[in-house]
$ cat entry04.txt   # compact mmCIF, C-alpha atoms and all ligand atoms
# COMPACT_ATOMS: atom_id res chain seq x y z
CA MET A 1 135.72 19.99 132.27
CA LYS A 2 136.43 16.71 130.54
CA LYS A 3 136.19 16.63 126.76
CA GLY A 4 133.23 14.21 126.80
CA LEU A 5 131.27 16.31 129.22
CA ARG A 6 131.89 19.41 127.18
CA PHE A 7 130.43 17.64 124.14
CA ILE A 8 127.37 16.63 126.12
CA SER A 9 126.75 20.17 127.35
CA LEU A 10 127.23 21.51 123.82
CA GLY A 11 124.72 18.94 122.63
CA LEU A 12 122.29 19.94 125.39
CA LEU A 13 122.69 23.58 124.48
CA LEU A 14 121.96 22.90 120.81
CA ALA A 15 118.97 20.75 121.75
CA SER A 16 117.49 23.43 123.96
CA VAL A 17 118.06 26.08 121.29
CA SER A 18 116.23 23.98 118.73
CA ILE A 19 113.40 23.25 121.18
CA LEU A 20 113.13 26.98 121.75
CA LEU A 21 113.10 27.73 118.04
CA PHE A 22 110.53 25.02 117.46
CA ALA A 23 108.34 26.38 120.26
CA CYS A 24 108.59 29.87 118.81
CA GLY A 25 107.68 28.57 115.38
CA THR A 26 104.53 26.79 116.50
CA GLY A 27 103.76 29.65 118.85
CA THR A 28 103.59 32.08 115.96
CA LYS A 29 101.31 29.76 114.05
CA ASP A 30 98.90 29.28 116.94
CA SER A 31 98.62 32.88 117.98
CA GLY A 32 95.97 34.61 115.90
CA SER A 33 94.76 31.08 115.08
CA SER A 34 95.60 31.59 111.45
CA LYS A 35 97.49 29.47 108.96
CA ASP A 36 98.35 29.74 105.32
CA GLY A 37 95.87 28.40 102.78
CA ASP A 38 96.67 26.53 99.56
CA SER A 39 97.03 29.84 97.79
CA GLY A 40 99.69 30.84 100.31
CA LYS A 41 97.40 33.57 101.65
CA ARG A 42 96.72 33.87 105.33
CA VAL A 43 93.51 32.13 106.42
CA LEU A 44 91.52 33.95 109.10
CA LYS A 45 89.00 32.09 111.27
CA VAL A 46 85.62 33.77 111.37
CA GLY A 47 82.90 33.02 113.91
CA THR A 48 79.20 33.64 113.33
CA ASP A 49 75.65 32.90 114.49
CA ALA A 50 74.23 31.30 111.36
CA THR A 51 70.56 31.57 112.41
CA TYR A 52 70.11 35.05 111.03
CA ALA A 53 68.69 34.93 107.51
CA PRO A 54 69.31 36.69 105.20
CA MET A 55 72.55 37.84 106.87
CA GLU A 56 74.08 34.52 108.00
CA LEU A 57 72.44 31.13 107.76
CA MET A 58 73.08 27.50 106.92
CA ASP A 59 72.04 26.33 103.47
CA GLU A 60 70.67 22.79 102.87
CA LYS A 61 74.19 21.48 102.41
CA GLY A 62 75.33 22.90 105.75
CA ASN A 63 77.35 25.73 104.23
CA ILE A 64 77.33 29.07 105.99
CA VAL A 65 75.93 31.62 103.52
CA GLY A 66 74.28 35.05 103.51
CA ILE A 67 74.79 38.75 102.92
CA ASP A 68 77.29 39.14 105.78
CA ILE A 69 79.21 36.13 104.47
CA ASP A 70 79.36 37.59 100.94
CA ILE A 71 80.58 40.88 102.40
CA VAL A 72 83.34 39.17 104.39
CA LYS A 73 84.42 37.14 101.35
CA ALA A 74 84.62 40.35 99.30
CA ILE A 75 86.64 42.07 102.06
CA ALA A 76 89.01 39.10 102.21
CA GLU A 77 89.48 39.07 98.46
CA ALA A 78 90.13 42.81 98.41
CA ALA A 79 92.62 42.72 101.28
CA GLY A 80 94.35 39.50 100.15
CA PHE A 81 93.46 36.95 102.80
CA GLU A 82 91.23 33.87 103.01
CA VAL A 83 88.44 33.06 105.43
CA GLU A 84 87.12 29.97 107.15
CA PHE A 85 83.68 30.28 108.80
CA LYS A 86 82.50 28.49 111.92
CA ASN A 87 79.05 28.60 113.48
CA TYR A 88 79.07 29.35 117.21
CA GLY A 89 75.61 30.73 117.92
CA TRP A 90 75.08 34.22 119.26
CA GLU A 91 76.16 34.20 122.88
CA PRO A 92 79.16 31.85 122.51
CA LEU A 93 80.48 34.13 119.77
CA PHE A 94 81.69 36.77 122.19
CA PRO A 95 83.96 34.51 124.30
CA ALA A 96 85.18 32.86 121.07
CA VAL A 97 86.50 36.23 119.88
CA ASP A 98 87.79 37.21 123.29
CA GLY A 99 89.57 33.88 123.79
CA GLY A 100 91.24 34.07 120.38
CA GLU A 101 89.46 30.97 119.04
CA VAL A 102 88.53 33.03 115.99
CA ASP A 103 90.25 36.04 114.44
CA PHE A 104 87.00 37.95 114.16
CA ALA A 105 83.22 37.62 114.19
CA VAL A 106 80.63 38.59 111.59
CA SER A 107 77.04 38.43 112.78
CA SER A 108 75.23 41.66 112.01
CA ILE A 109 76.87 42.92 115.18
CA THR A 110 75.89 46.49 115.98
CA ILE A 111 78.80 48.67 117.06
CA THR A 112 77.81 49.96 120.52
CA ASP A 113 79.75 51.94 123.13
CA GLU A 114 79.25 49.18 125.65
CA ARG A 115 80.65 46.48 123.35
CA LYS A 116 83.55 48.77 122.44
CA GLU A 117 84.71 48.55 126.05
CA SER A 118 85.45 44.84 125.59
CA PHE A 119 86.03 44.44 121.83
CA ASP A 120 87.37 46.33 118.85
CA PHE A 121 85.28 46.87 115.75
CA SER A 122 86.07 47.40 112.09
CA ASP A 123 84.67 50.41 110.28
CA PRO A 124 80.91 50.11 109.73
CA TYR A 125 79.84 48.10 106.69
CA PHE A 126 76.02 47.96 107.03
CA ALA A 127 73.26 50.19 108.41
CA ALA A 128 70.17 48.86 110.19
CA ASN A 129 67.44 49.66 112.65
CA GLN A 130 65.04 47.84 114.91
CA LEU A 131 61.67 46.76 113.57
CA ILE A 132 58.59 45.37 115.34
CA LEU A 133 56.85 42.22 114.12
CA VAL A 134 53.28 41.55 115.28
CA PRO A 135 50.27 39.45 114.25
CA GLU A 136 48.37 41.08 111.40
CA ASP A 137 45.40 41.97 113.64
CA SER A 138 47.54 43.56 116.37
CA THR A 139 46.67 47.11 117.50
CA VAL A 140 50.32 47.93 118.12
CA ALA A 141 51.18 51.02 116.05
CA LYS A 142 54.39 52.24 117.69
CA PHE A 143 57.10 51.03 120.06
CA GLU A 144 55.51 52.81 123.07
CA ASP A 145 52.45 50.59 122.63
CA LEU A 146 54.57 47.64 123.78
CA LYS A 147 55.07 49.16 127.21
CA ASP A 148 52.71 46.76 128.98
CA LYS A 149 52.91 43.95 126.44
CA ARG A 150 55.03 40.78 126.24
CA VAL A 151 57.93 41.25 123.84
CA SER A 152 60.23 38.56 122.46
CA VAL A 153 63.81 39.33 121.47
CA GLN A 154 67.09 37.55 120.85
CA ILE A 155 69.03 37.70 124.10
CA ASN A 156 71.68 40.40 124.51
CA THR A 157 71.02 41.98 121.15
CA THR A 158 70.27 45.64 120.56
CA GLY A 159 66.60 44.60 120.24
CA HIS A 160 66.83 43.26 123.79
CA ILE A 161 68.50 46.47 124.96
CA VAL A 162 65.84 48.85 123.57
CA THR A 163 63.09 46.58 124.91
CA ARG A 164 64.68 46.62 128.37
CA GLU A 165 64.76 50.40 128.20
CA LEU A 166 61.02 50.48 127.48
CA LEU A 167 59.79 47.69 129.78
CA GLY A 168 62.38 47.90 132.53
CA ASN A 169 65.55 45.89 132.95
CA THR A 170 64.06 43.09 134.96
CA SER A 171 60.62 42.97 133.36
CA SER A 172 59.20 39.45 133.26
CA LYS A 173 57.34 40.44 130.11
CA ILE A 174 60.50 40.26 128.08
CA VAL A 175 60.90 36.85 126.45
CA ALA A 176 64.63 36.61 125.67
CA THR A 177 65.58 33.66 123.46
CA GLU A 178 68.81 32.24 122.14
CA SER A 179 68.13 33.03 118.48
CA MET A 180 65.96 35.39 116.43
CA PRO A 181 63.88 32.59 114.82
CA LEU A 182 63.02 31.40 118.35
CA ALA A 183 62.00 34.94 119.36
CA ILE A 184 59.70 35.10 116.33
CA SER A 185 58.22 31.66 117.15
CA GLU A 186 57.41 32.84 120.68
CA MET A 187 55.35 35.65 119.17
CA ILE A 188 53.65 33.40 116.62
CA ASN A 189 52.81 30.84 119.33
CA GLY A 190 51.21 33.56 121.42
CA ASN A 191 53.83 33.64 124.18
CA ALA A 192 54.66 37.23 123.21
CA ASP A 193 52.61 40.04 121.66
CA ALA A 194 55.45 41.31 119.50
CA ALA A 195 58.98 40.43 118.44
CA VAL A 196 61.64 43.14 118.11
CA GLY A 197 64.77 42.69 116.01
CA ASP A 198 66.95 43.96 113.18
CA ASN A 199 64.92 45.13 110.16
CA ALA A 200 66.57 42.94 107.50
CA VAL A 201 65.85 39.77 109.46
CA ILE A 202 62.26 40.69 110.35
CA ILE A 203 61.51 41.66 106.73
CA ASP A 204 63.08 38.45 105.42
CA TYR A 205 61.08 36.30 107.83
CA LYS A 206 57.79 37.94 106.87
CA ALA A 207 58.57 37.67 103.15
CA ASN A 208 59.42 33.98 103.41
CA ASN A 209 56.44 33.04 105.56
CA PRO A 210 53.45 34.56 103.78
CA LYS A 211 51.07 32.01 105.29
CA VAL A 212 51.74 33.35 108.78
CA LYS A 213 49.65 36.51 109.02
CA LEU A 214 52.09 39.12 110.30
CA LYS A 215 52.82 42.80 109.86
CA THR A 216 55.79 45.02 110.61
CA VAL A 217 55.62 48.25 112.62
CA GLU A 218 58.26 50.94 112.25
CA ASP A 219 59.11 53.54 114.86
CA ASP A 220 61.18 56.69 114.43
CA SER A 221 62.52 56.45 117.95
CA PHE A 222 64.76 53.54 116.95
CA GLU A 223 68.25 54.83 116.35
CA LYS A 224 70.21 53.96 113.26
CA GLU A 225 72.63 51.11 113.98
CA PHE A 226 75.84 50.20 112.19
CA TYR A 227 77.25 46.72 111.87
CA GLY A 228 80.96 46.09 112.33
CA LEU A 229 83.26 43.07 112.32
CA MET A 230 84.23 42.27 115.91
CA VAL A 231 87.83 41.61 116.90
CA LYS A 232 89.62 40.81 120.15
CA LYS A 233 90.48 44.02 121.98
CA GLY A 234 93.86 45.35 120.90
CA ASN A 235 94.24 43.19 117.78
CA THR A 236 95.08 46.09 115.48
CA GLU A 237 96.69 43.81 112.90
CA ILE A 238 93.33 42.19 112.08
CA ILE A 239 91.43 45.48 112.33
CA ASP A 240 93.81 47.03 109.79
CA MET A 241 93.36 44.13 107.36
CA LEU A 242 89.57 44.32 107.67
CA ASN A 243 89.41 48.10 107.31
CA GLU A 244 91.66 47.97 104.26
CA GLY A 245 89.25 45.50 102.62
CA ILE A 246 86.17 47.47 103.68
CA LYS A 247 87.61 50.66 102.22
CA ILE A 248 88.34 48.96 98.91
CA ILE A 249 84.87 47.44 98.54
CA LYS A 250 83.21 50.72 99.57
CA ASP A 251 85.26 52.64 97.00
CA ASN A 252 84.83 50.21 94.11
CA GLY A 253 81.07 49.72 94.60
CA LYS A 254 81.29 46.04 95.53
CA LEU A 255 79.72 46.57 98.97
CA LYS A 256 76.77 48.44 97.49
CA GLU A 257 76.41 45.70 94.87
CA ILE A 258 75.97 43.16 97.70
CA THR A 259 73.76 45.16 100.10
CA GLY A 260 71.87 47.41 97.70
CA PHE A 261 72.59 50.62 99.65
CA ASP A 262 75.35 52.97 100.78
CA VAL A 263 76.41 52.60 104.41
CA ASP A 264 77.40 56.19 105.04
N1 LIG B 301 72.40 43.82 115.45
C1 LIG B 301 71.96 43.19 116.64
C2 LIG B 301 73.04 43.30 117.69
O1 LIG B 301 74.15 43.50 117.38
C3 LIG B 301 71.57 41.75 116.47
C4 LIG B 301 72.57 40.87 115.87
C5 LIG B 301 72.24 39.42 115.99
N2 LIG B 301 73.00 38.65 115.04
C6 LIG B 301 72.86 37.34 114.88
N3 LIG B 301 73.54 36.76 113.93
N4 LIG B 301 72.11 36.68 115.67
O2 LIG B 301 72.79 43.15 118.86

$ encode --input "entry04.txt" --output "structure tokens" --more "lines below"
Ligand code: ARG
Amino acid sequence: MKKGLRFISLGLLLASVSILLFACGTGTKDSGSSKDGDSGKRVLKVGTDATYAPMELMDEKGNIVGIDIDIVKAIAEAAGFEVEFKNYGWEPLFPAVDGGEVDFAVSSITITDERKESFDFSDPYFAANQLILVPEDSTVAKFEDLKDKRVSVQINTTGHIVTRELLGNTSSKIVATESMPLAISEMINGNADAAVGDNAVIIDYKANNPKVKLKTVEDDSFEKEFYGLMVKKGNTEIIDMLNEGIKIIKDNGKLKEITGFDVD
């Protein structure tokens, strides 16, 4: 090989090595979609459905706030990372986690066996149960009473699942909406006889809308549910960070300070 050619091939080799190194560098940054914040701590992207007061909602300034958000911030502080929230809405949240657009989701997501087939969950951080919301003059006294009634729910939530079990999977009496406030509106507007959803959200709605004459109906048949942070299947690195933070805030009382009760 002539001297000149050898130089060119050496140059090419160096160029391809640096391209490779560069690609690896950016590759690491993109995977997990996280970057370092000003503090030098890792910033995790968090997806949510901010229509779920008091758990996750938008304040007047467009900031995502709520009990779930405070819990995640406390977990992040305890485990030494930062968080950046993005509102996706309920249904788009699942593909956002699965596709790696966000590192995890917080959205009062109940840990269920079915969801565990497609996602991983952190340890539980909040306990809940379903609650029925009806007009004040309704005769509904228990969940069974909804058997031949029209029931509104947020689509693909645990409220939707228990209602399907009672009314039948394909029942046309189930009014499944995109968000919980919409499900409640359907009931208030008379398109449904009752709305079924997570207790904290139903209680919050009733408390903040005293002019709308509503009452809540409890039922012992509703199983206790536990909320977890939802992560892409197999992402143990994130799960470990989240569980470390959850353990710390359970042990030091911070979680109870935010929620007002013990989870387990
Ligand atoms: N806990 C219920 C579930 O996991 C409802 C959660 C809905 N959350 C929300 N932010 N819309 O199915």

$ closest_residue --input "entry04.txt" --among "A:Leu44, A:Ala78, A:Leu133, A:Leu182" --to "ligand LIG 301 (chain B)" --atoms "only C-alpha atoms and all ligand atoms"
A:Leu182

$ closest_residue --input "entry04.txt" --among "A:Val43, A:Leu57, A:Leu131, A:Ala74" --to "Asp198 of chain A" --atoms "all atoms listed in the file"
A:Leu131

$ closest_residue --input "entry04.txt" --among "A:Val151, A:Lys233, A:Thr110, A:Ile239" --to "Asp98 of chain A" --atoms "all atoms listed in the file"
A:Lys233

$ closest_atom_pairs --input "entry04.txt" --of "segment 108-165 of chain A" --to "segment 215-220 of chain A" --cutoff "12 Å" --atoms "all atoms listed in the file" --output "CSV"
residue,atom,partner,partner_atom,distance
A:Asn129,CA,A:Glu218,CA,9.3
A:Gln130,CA,A:Glu218,CA,7.9
A:Leu131,CA,A:Glu218,CA,5.6
A:Ile132,CA,A:Val217,CA,5.0
A:Leu133,CA,A:Thr216,CA,4.6
A:Val134,CA,A:Lys215,CA,5.6
A:Pro135,CA,A:Lys215,CA,6.1
A:Glu136,CA,A:Lys215,CA,5.0
A:Asp137,CA,A:Lys215,CA,8.4
A:Ser138,CA,A:Lys215,CA,8.4
A:Thr139,CA,A:Val217,CA,10.3
A:Val140,CA,A:Val217,CA,7.6
A:Ala141,CA,A:Val217,CA,6.3
A:Lys142,CA,A:Asp219,CA,5.7
A:Phe143,CA,A:Asp219,CA,6.1
A:Glu144,CA,A:Asp219,CA,9.0
A:Asp145,CA,A:Asp219,CA,10.7
A:Leu146,CA,A:Val217,CA,11.2
A:Val162,CA,A:Asp219,CA,12.0

$ residues_near_ligand --input "entry04.txt" --ligand "ligand LIG 301 (chain B)" --cutoff "6 Å" --atoms "all atoms listed in the file" --output "ChimeraX atom specification"
/A:49,52,90,107-110,157-158,198

$ write_last_selection --input "entry04.txt" --atoms "C-alpha atoms" --output "PDB file, in the frame of the given file"
ATOM      1  CA  ASP A  49      75.650  32.900 114.490  1.00  0.00           C
ATOM      2  CA  TYR A  52      70.110  35.050 111.030  1.00  0.00           C
ATOM      3  CA  TRP A  90      75.080  34.220 119.260  1.00  0.00           C
ATOM      4  CA  SER A 107      77.040  38.430 112.780  1.00  0.00           C
ATOM      5  CA  SER A 108      75.230  41.660 112.010  1.00  0.00           C
ATOM      6  CA  ILE A 109      76.870  42.920 115.180  1.00  0.00           C
ATOM      7  CA  THR A 110      75.890  46.490 115.980  1.00  0.00           C
ATOM      8  CA  THR A 157      71.020  41.980 121.150  1.00  0.00           C
ATOM      9  CA  THR A 158      70.270  45.640 120.560  1.00  0.00           C
ATOM     10  CA  ASP A 198      66.950  43.960 113.180  1.00  0.00           C
TER      11      ASP A 198
END

$ residues_near_point --input "entry04.txt" --point "(85.8, 45.9, 107.3)" --cutoff "9 Å" --atoms "all atoms listed in the file" --output "PyMOL selection string"
chain A and resi 71-72+75+121-125+228-229+239-247+249

$ residues_around --input "entry04.txt" --residues "segment 38-41 of chain A" --least-positions-apart "3" --cutoff "12 Å" --atoms "all atoms listed in the file" --output "mmCIF file with C-alpha atoms, in the coordinates of the input"
data_model
loop_
_atom_site.group_PDB
_atom_site.id
_atom_site.type_symbol
_atom_site.label_atom_id
_atom_site.label_comp_id
_atom_site.auth_asym_id
_atom_site.auth_seq_id
_atom_site.Cartn_x
_atom_site.Cartn_y
_atom_site.Cartn_z
ATOM 1 C CA SER A 34 95.600 31.590 111.450
ATOM 2 C CA LYS A 35 97.490 29.470 108.960
ATOM 3 C CA LEU A 44 91.520 33.950 109.100
ATOM 4 C CA ALA A 76 89.010 39.100 102.210
ATOM 5 C CA GLU A 77 89.480 39.070 98.460
ATOM 6 C CA ALA A 79 92.620 42.720 101.280
ATOM 7 C CA GLY A 80 94.350 39.500 100.150
ATOM 8 C CA PHE A 81 93.460 36.950 102.800
ATOM 9 C CA GLU A 82 91.230 33.870 103.010
ATOM 10 C CA VAL A 83 88.440 33.060 105.430
#

$ atom_distance --input "entry04.txt" --atom1 "atom CA of Ala127 of chain A" --atom2 "atom CA of Asp264 of chain A"
8.0 Å

$ atom_distance --input "entry04.txt" --atom1 "atom CA of Ala53 of chain A" --atom2 "atom CA of Glu165 of chain A"
26.1 Å

$ atom_distance --input "entry04.txt" --atom1 "atom CA of Phe126 of chain A" --atom2 "atom CA of Ser221 of chain A"
19.3 Å

$ closest_residue --input "entry04.txt" --among "A:Thr48, A:Ser185, A:Ser179, A:Thr236" --to "Phe85 of chain A" --atoms "all atoms listed in the file"
A:Thr48

$ closest_residue --input "entry04.txt" --among "A:Ile161, A:Leu214, A:Ala128, A:Leu167" --to "Met55 of chain A" --atoms "only C-alpha atoms"
A:Ala128

$ residues_around --input "entry04.txt" --residues "Ile174 of chain A" --least-positions-apart "3" --cutoff "12 Å" --atoms "all atoms listed in the file" --output "PyMOL selection string"
chain A and resi 146-156+159-171+177+183+186-187+191-196

$ build_atoms --input "entry04.txt" --residues "segment 94-107 of chain A" --atoms "N, CA and C atoms" --output "PDB file, in the coordinates of the input"
ATOM      1  N   PHE A  94      80.914  35.736 121.517  1.00  0.00           N
ATOM      2  CA  PHE A  94      81.690  36.770 122.190  1.00  0.00           C
ATOM      3  C   PHE A  94      82.924  36.184 122.909  1.00  0.00           C
ATOM      4  N   PRO A  95      82.757  35.128 123.725  1.00  0.00           N
ATOM      5  CA  PRO A  95      83.960  34.510 124.300  1.00  0.00           C
ATOM      6  C   PRO A  95      84.883  33.887 123.255  1.00  0.00           C
ATOM      7  N   ALA A  96      84.327  33.451 122.117  1.00  0.00           N
ATOM      8  CA  ALA A  96      85.180  32.860 121.070  1.00  0.00           C
ATOM      9  C   ALA A  96      86.134  33.911 120.498  1.00  0.00           C
ATOM     10  N   VAL A  97      85.642  35.144 120.372  1.00  0.00           N
ATOM     11  CA  VAL A  97      86.500  36.230 119.880  1.00  0.00           C
ATOM     12  C   VAL A  97      87.485  36.623 120.976  1.00  0.00           C
ATOM     13  N   ASP A  98      86.962  36.759 122.178  1.00  0.00           N
ATOM     14  CA  ASP A  98      87.790  37.210 123.290  1.00  0.00           C
ATOM     15  C   ASP A  98      88.904  36.206 123.603  1.00  0.00           C
ATOM     16  N   GLY A  99      88.596  34.922 123.483  1.00  0.00           N
ATOM     17  CA  GLY A  99      89.570  33.880 123.790  1.00  0.00           C
ATOM     18  C   GLY A  99      90.501  33.561 122.638  1.00  0.00           C
ATOM     19  N   GLY A 100      90.349  34.263 121.510  1.00  0.00           N
ATOM     20  CA  GLY A 100      91.240  34.070 120.380  1.00  0.00           C
ATOM     21  C   GLY A 100      90.971  32.793 119.586  1.00  0.00           C
ATOM     22  N   GLU A 101      89.799  32.168 119.811  1.00  0.00           N
ATOM     23  CA  GLU A 101      89.460  30.970 119.040  1.00  0.00           C
ATOM     24  C   GLU A 101      89.222  31.315 117.569  1.00  0.00           C
ATOM     25  N   VAL A 102      88.720  32.534 117.357  1.00  0.00           N
ATOM     26  CA  VAL A 102      88.530  33.030 115.990  1.00  0.00           C
ATOM     27  C   VAL A 102      89.225  34.376 115.877  1.00  0.00           C
ATOM     28  N   ASP A 103      89.573  34.755 114.641  1.00  0.00           N
ATOM     29  CA  ASP A 103      90.250  36.040 114.440  1.00  0.00           C
ATOM     30  C   ASP A 103      89.269  37.202 114.491  1.00  0.00           C
ATOM     31  N   PHE A 104      88.034  36.930 114.029  1.00  0.00           N
ATOM     32  CA  PHE A 104      87.000  37.950 114.160  1.00  0.00           C
ATOM     33  C   PHE A 104      85.626  37.321 114.012  1.00  0.00           C
ATOM     34  N   ALA A 105      84.591  38.119 114.317  1.00  0.00           N
ATOM     35  CA  ALA A 105      83.220  37.620 114.190  1.00  0.00           C
ATOM     36  C   ALA A 105      82.453  38.511 113.234  1.00  0.00           C
ATOM     37  N   VAL A 106      81.592  37.853 112.418  1.00  0.00           N
ATOM     38  CA  VAL A 106      80.630  38.590 111.590  1.00  0.00           C
ATOM     39  C   VAL A 106      79.271  38.036 111.983  1.00  0.00           C
ATOM     40  N   SER A 107      78.360  38.921 112.363  1.00  0.00           N
ATOM     41  CA  SER A 107      77.040  38.430 112.780  1.00  0.00           C
ATOM     42  C   SER A 107      76.053  39.567 112.891  1.00  0.00           C
TER      43      SER A 107
END
